[in-house]
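Taking it in order: structure first as C-alpha cells, then the write-up.
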Amino acid sequence: MTIASAAIRTSIKELLQGTIGTTRTVGSTLYGYGIFIGQPTMAQQALTIQSGTKRSRFDIRLSSMIPHPSTPLSIKSSYRNIVVGVEIDINTTLNSTAMETARNTQREVIESDADVAIQALCYPGNLTTTSASVATGIIGGMLFGPGGKGTPAWQVTSEDWTTHILRSVIKASAIIQVTQATS
C-alpha cells in the first residue's frame with residue numbers, strides 16, 4: 001500500500017464544499033474547488049470572480065512527507081506513520097472599493113470563513129473517509145497544525161485590489177498510517 005493521496009485531497013475537498021463532516025461543518029456556499037498556483041492571473045481572476053454561489057475558490061497541495069516519531073523502529077513493520085504537509089490555497093473575490101468600512105467588512109467575512117474551515121478540518125473523524133467511503137488513512141480523521149502540532153494556521157499571502165483577489169493559505173498536516181507489505 002502507499003499513501004492514499006487522492007482520497008486525502010478528495011475528503012478535504014468534500015469537507016470544504018460542505019458535502020461531508022459531522023458537528024463542525026462548512027456551509028456549501030463558502031468554498032468551491034478549482035483554482036491553482038501556476039494558472040495565469042487572468043484565469044484565476046475569472047474563476048474567482050465567477051465563482052457563482054461560492055465566496056472563495058481553493059486548491060489542495062500535499063507539500064511534504066516526514067516520518068512520524070510513532071513509526072516502529074523496525075523496517076519490517078507492517079505499517080509506518082508519516083506527517084504529511086497540507087496546504088490549502090484560497091482565492092477570494094474582493095469588491096472594488098475605496099471605503100475603509102466596506103474593506104474591513106470584506107476582510108471580516110474572509111477571516112470568519114477561514115476559521116469555519118479550520119474548525120471543520122481539525123474536528124475528529126471529519127476526514128476519515130470520502131463520501132464514497134474510501135479510507136484516507138488520516139489518523140483521527142482530522143488535520144493538525146504544521147508539523148503535526150496544534151491546529152491548522154491561516155494567513156493572507158496577498159491582498160490585491162487591482163485584480164480583486166485576496167489570496168490566503170491554510171497550512172496544516174495530517175498524520176497518516178501507511179500499511180506496508182511484510183513478506
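Ligands are numbered from 1 in the order shown, chains are lettered A, B, ... in the order of the C-alpha cells, and residues start at 1 in each chain.
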Which polymer residues have any atom within 9 Å of an atom of Asp113 (chain A), counting only C-alpha atoms, with same-chain residues fewer than 3 positions away left out, as a tab-separated table (two decimals) with C-alpha atoms, in the first residue's frame?
chain	number	residue	atom	x	y	z
A	26	VAL	CA	-18.55	24.05	6.26
A	30	LEU	CA	-18.30	29.22	1.29
A	31	TYR	CA	-15.78	27.32	-0.84
A	55	ARG	CA	-17.39	33.06	-1.80
A	108	GLU	CA	-14.01	40.05	8.46
A	109	VAL	CA	-16.09	37.70	6.29
A	110	ILE	CA	-12.96	36.14	4.75
A	116	VAL	CA	-15.02	27.87	9.96
A	117	ALA	CA	-12.80	25.82	7.61
A	118	ILE	CA	-10.12	25.33	10.28
Test item, strand (DSSP E or B) assignment across chain A, answer as an MDAnalysis selection string:
chainID A and resid 31:33 56:67 79:93 129 135 138 144 153:160 165:179
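With CA of Arg9 (chain A) on one side and CA of Gly125 (chain A) on the other, the separation reads 15.2 Å.
Residues lying within 12 Å of region 38-43 of chain A, counting only C-alpha atoms and ignoring same-chain neighbours fewer than 6 positions away, are Ile49, Gln50, Ser51, Asp59, Asp89, Asn91, Asp160, Thr162, Thr163, His164, Ile165 and Arg167 of chain A.
The closest residue to Ser173 (chain A), picked from A:Pro124, A:Pro67, A:Pro152, A:Gly85 and counting only C-alpha atoms, is A:Gly85.
Among the candidates A:Gln177, A:Thr10, A:Thr151, A:Thr182, the one nearest to Ser70 (chain A) when counting only C-alpha atoms is A:Gln177.
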How far is it from CA of Glu87 (chain A) to CA of Gly145 (chain A), in Å with one decimal?
10.5 Å
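Within the 9 Å cut-off around Gly32 (chain A), using only C-alpha atoms and omitting residues fewer than 6 positions from it on the same chain, the listed residues are Lys13, Leu16, Gln17, Ser51, Thr53, Lys54, Arg55, Ser56, Arg57, Phe58 and Asp59 of chain A.
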Generate a file of the selected residues that holds C-alpha atoms, formatted as a CSV table (one decimal), in the first residue's frame.
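Done, and the output landed in part-v1.csv:
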chain,number,residue,atom,x,y,z
A,13,LYS,CA,-12.3,19.0,-0.9
A,16,LEU,CA,-14.7,22.4,2.4
A,17,GLN,CA,-17.5,22.1,-0.1
A,51,SER,CA,-17.4,31.5,-8.5
A,53,THR,CA,-22.7,31.0,-5.2
A,54,LYS,CA,-19.2,30.3,-3.6
A,55,ARG,CA,-17.4,33.1,-1.8
A,56,SER,CA,-13.9,31.6,-2.4
A,57,ARG,CA,-12.1,29.1,-4.6
A,58,PHE,CA,-9.4,26.7,-3.4
A,59,ASP,CA,-6.8,24.1,-4.2
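Distances from A:Gly27, A:Gly148, A:Gln155, A:Ser168 to His68 (chain A) were compared using only C-alpha atoms, and the smallest one belongs to A:Gly148.
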Selection: 6 Å around Ile170 (chain A), only C-alpha atoms, excl. self and same-chain fewer than 6 positions, as an MDAnalysis selection string
chainID A and resid 87:88 153:154
Shell around Thr25 (chain A) at 9 Å using only C-alpha atoms, local window under 4 positions removed, as a ChimeraX atom specification:
/A:15-16,18-21,116-117,119-121,123,126
How would the residues just picked look written out with C-alpha atoms as a PDB file, in the first residue's frame?
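Printed below is again-v4.pdb as written:
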ATOM      1  CA  LEU A  15     -15.398  18.816   3.629  1.00  0.00           C
ATOM      2  CA  LEU A  16     -14.677  22.356   2.401  1.00  0.00           C
ATOM      3  CA  GLY A  18     -19.952  21.079   2.595  1.00  0.00           C
ATOM      4  CA  THR A  19     -20.657  17.519   1.438  1.00  0.00           C
ATOM      5  CA  ILE A  20     -19.076  15.598   4.358  1.00  0.00           C
ATOM      6  CA  GLY A  21     -18.392  16.250   8.030  1.00  0.00           C
ATOM      7  CA  VAL A 116     -15.021  27.870   9.965  1.00  0.00           C
ATOM      8  CA  ALA A 117     -12.801  25.820   7.611  1.00  0.00           C
ATOM      9  CA  GLN A 119     -12.683  24.211  12.857  1.00  0.00           C
ATOM     10  CA  ALA A 120     -14.048  21.601  10.424  1.00  0.00           C
ATOM     11  CA  LEU A 121     -10.595  20.435   9.276  1.00  0.00           C
ATOM     12  CA  TYR A 123     -12.592  18.056  14.082  1.00  0.00           C
ATOM     13  CA  ASN A 126     -14.315  14.613   9.602  1.00  0.00           C
TER      14      ASN A 126
END
Step one, run DSSP on the backbone; step two, keep only residues of region 25-146 of chain A assigned to helix (DSSP H, G or I); then write them as an MDAnalysis selection string.
chainID A and resid 41:49 100:121 139:141 146
Restrict the selected residues to N, CA and C atoms and save them as an mmCIF file, in the first residue's frame.
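Saved result, out20.cif, follows:
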data_model
loop_
_atom_site.group_PDB
_atom_site.id
_atom_site.type_symbol
_atom_site.label_atom_id
_atom_site.label_comp_id
_atom_site.auth_asym_id
_atom_site.auth_seq_id
_atom_site.Cartn_x
_atom_site.Cartn_y
_atom_site.Cartn_z
ATOM 1 N N THR A 41 -2.838 34.625 -14.121
ATOM 2 C CA THR A 41 -3.563 35.520 -13.217
ATOM 3 C C THR A 41 -4.966 35.821 -13.727
ATOM 4 N N MET A 42 -5.108 36.026 -15.039
ATOM 5 C CA MET A 42 -6.433 36.341 -15.591
ATOM 6 C C MET A 42 -7.393 35.161 -15.415
ATOM 7 N N ALA A 43 -6.889 33.935 -15.528
ATOM 8 C CA ALA A 43 -7.736 32.756 -15.318
ATOM 9 C C ALA A 43 -8.140 32.650 -13.854
ATOM 10 N N GLN A 44 -7.185 32.892 -12.946
ATOM 11 C CA GLN A 44 -7.503 32.879 -11.512
ATOM 12 C C GLN A 44 -8.549 33.941 -11.195
ATOM 13 N N GLN A 45 -8.362 35.124 -11.765
ATOM 14 C CA GLN A 45 -9.295 36.222 -11.535
ATOM 15 C C GLN A 45 -10.686 35.850 -12.046
ATOM 16 N N ALA A 46 -10.774 35.317 -13.253
ATOM 17 C CA ALA A 46 -12.068 34.950 -13.830
ATOM 18 C C ALA A 46 -12.747 33.870 -12.998
ATOM 19 N N LEU A 47 -12.007 32.843 -12.606
ATOM 20 C CA LEU A 47 -12.592 31.766 -11.798
ATOM 21 C C LEU A 47 -13.031 32.263 -10.433
ATOM 22 N N THR A 48 -12.226 33.123 -9.828
ATOM 23 C CA THR A 48 -12.563 33.637 -8.501
ATOM 24 C C THR A 48 -13.794 34.530 -8.545
ATOM 25 N N ILE A 49 -13.826 35.440 -9.505
ATOM 26 C CA ILE A 49 -14.956 36.378 -9.604
ATOM 27 C C ILE A 49 -16.223 35.663 -10.049
ATOM 28 N N GLU A 100 -13.142 52.362 3.656
ATOM 29 C CA GLU A 100 -12.474 51.564 4.677
ATOM 30 C C GLU A 100 -13.436 50.609 5.378
ATOM 31 N N THR A 101 -14.650 51.034 5.674
ATOM 32 C CA THR A 101 -15.598 50.166 6.377
ATOM 33 C C THR A 101 -15.995 48.969 5.518
ATOM 34 N N ALA A 102 -16.184 49.187 4.211
ATOM 35 C CA ALA A 102 -16.525 48.070 3.315
ATOM 36 C C ALA A 102 -15.352 47.098 3.219
ATOM 37 N N ARG A 103 -14.141 47.625 3.148
ATOM 38 C CA ARG A 103 -12.941 46.778 3.104
ATOM 39 C C ARG A 103 -12.842 45.947 4.376
ATOM 40 N N ASN A 104 -13.041 46.567 5.508
ATOM 41 C CA ASN A 104 -12.978 45.844 6.780
ATOM 42 C C ASN A 104 -14.049 44.765 6.865
ATOM 43 N N THR A 105 -15.239 45.069 6.383
ATOM 44 C CA THR A 105 -16.330 44.097 6.388
ATOM 45 C C THR A 105 -15.964 42.887 5.536
ATOM 46 N N GLN A 106 -15.412 43.127 4.337
ATOM 47 C CA GLN A 106 -14.999 42.025 3.467
ATOM 48 C C GLN A 106 -13.937 41.159 4.139
ATOM 49 N N ARG A 107 -12.982 41.793 4.763
ATOM 50 C CA ARG A 107 -11.919 41.039 5.420
ATOM 51 C C ARG A 107 -12.449 40.238 6.598
ATOM 52 N N GLU A 108 -13.407 40.785 7.346
ATOM 53 C CA GLU A 108 -14.006 40.049 8.462
ATOM 54 C C GLU A 108 -14.700 38.782 7.977
ATOM 55 N N VAL A 109 -15.404 38.866 6.854
ATOM 56 C CA VAL A 109 -16.095 37.695 6.293
ATOM 57 C C VAL A 109 -15.070 36.641 5.872
ATOM 58 N N ILE A 110 -14.006 37.064 5.205
ATOM 59 C CA ILE A 110 -12.962 36.141 4.753
ATOM 60 C C ILE A 110 -12.310 35.460 5.957
ATOM 61 N N GLU A 111 -12.002 36.221 6.985
ATOM 62 C CA GLU A 111 -11.376 35.670 8.193
ATOM 63 C C GLU A 111 -12.315 34.698 8.909
ATOM 64 N N SER A 112 -13.585 35.037 8.956
ATOM 65 C CA SER A 112 -14.574 34.152 9.573
ATOM 66 C C SER A 112 -14.701 32.845 8.797
ATOM 67 N N ASP A 113 -14.749 32.934 7.466
ATOM 68 C CA ASP A 113 -14.820 31.725 6.630
ATOM 69 C C ASP A 113 -13.610 30.826 6.866
ATOM 70 N N ALA A 114 -12.423 31.422 6.972
ATOM 71 C CA ALA A 114 -11.203 30.649 7.219
ATOM 72 C C ALA A 114 -11.288 29.931 8.563
ATOM 73 N N ASP A 115 -11.836 30.601 9.566
ATOM 74 C CA ASP A 115 -11.968 29.979 10.885
ATOM 75 C C ASP A 115 -12.951 28.814 10.850
ATOM 76 N N VAL A 116 -14.051 28.967 10.120
ATOM 77 C CA VAL A 116 -15.021 27.870 9.965
ATOM 78 C C VAL A 116 -14.324 26.664 9.330
ATOM 79 N N ALA A 117 -13.524 26.907 8.289
ATOM 80 C CA ALA A 117 -12.801 25.820 7.611
ATOM 81 C C ALA A 117 -11.835 25.134 8.572
ATOM 82 N N ILE A 118 -11.086 25.905 9.339
ATOM 83 C CA ILE A 118 -10.122 25.332 10.282
ATOM 84 C C ILE A 118 -10.827 24.486 11.331
ATOM 85 N N GLN A 119 -11.935 24.983 11.858
ATOM 86 C CA GLN A 119 -12.683 24.211 12.857
ATOM 87 C C GLN A 119 -13.133 22.864 12.299
ATOM 88 N N ALA A 120 -13.596 22.853 11.054
ATOM 89 C CA ALA A 120 -14.048 21.601 10.424
ATOM 90 C C ALA A 120 -12.867 20.676 10.129
ATOM 91 N N LEU A 121 -11.762 21.245 9.642
ATOM 92 C CA LEU A 121 -10.595 20.435 9.276
ATOM 93 C C LEU A 121 -9.971 19.735 10.479
ATOM 94 N N ILE A 139 -4.956 9.476 10.596
ATOM 95 C CA ILE A 139 -5.179 9.065 11.982
ATOM 96 C C ILE A 139 -6.036 10.115 12.679
ATOM 97 N N GLY A 140 -7.116 9.684 13.278
ATOM 98 C CA GLY A 140 -8.044 10.596 13.956
ATOM 99 C C GLY A 140 -9.009 11.276 13.009
ATOM 100 N N GLY A 141 -8.796 11.135 11.700
ATOM 101 C CA GLY A 141 -9.693 11.746 10.720
ATOM 102 C C GLY A 141 -9.712 13.259 10.795
ATOM 103 N N PRO A 146 0.864 22.823 11.221
ATOM 104 C CA PRO A 146 2.108 22.455 10.534
ATOM 105 C C PRO A 146 3.016 21.627 11.442
#
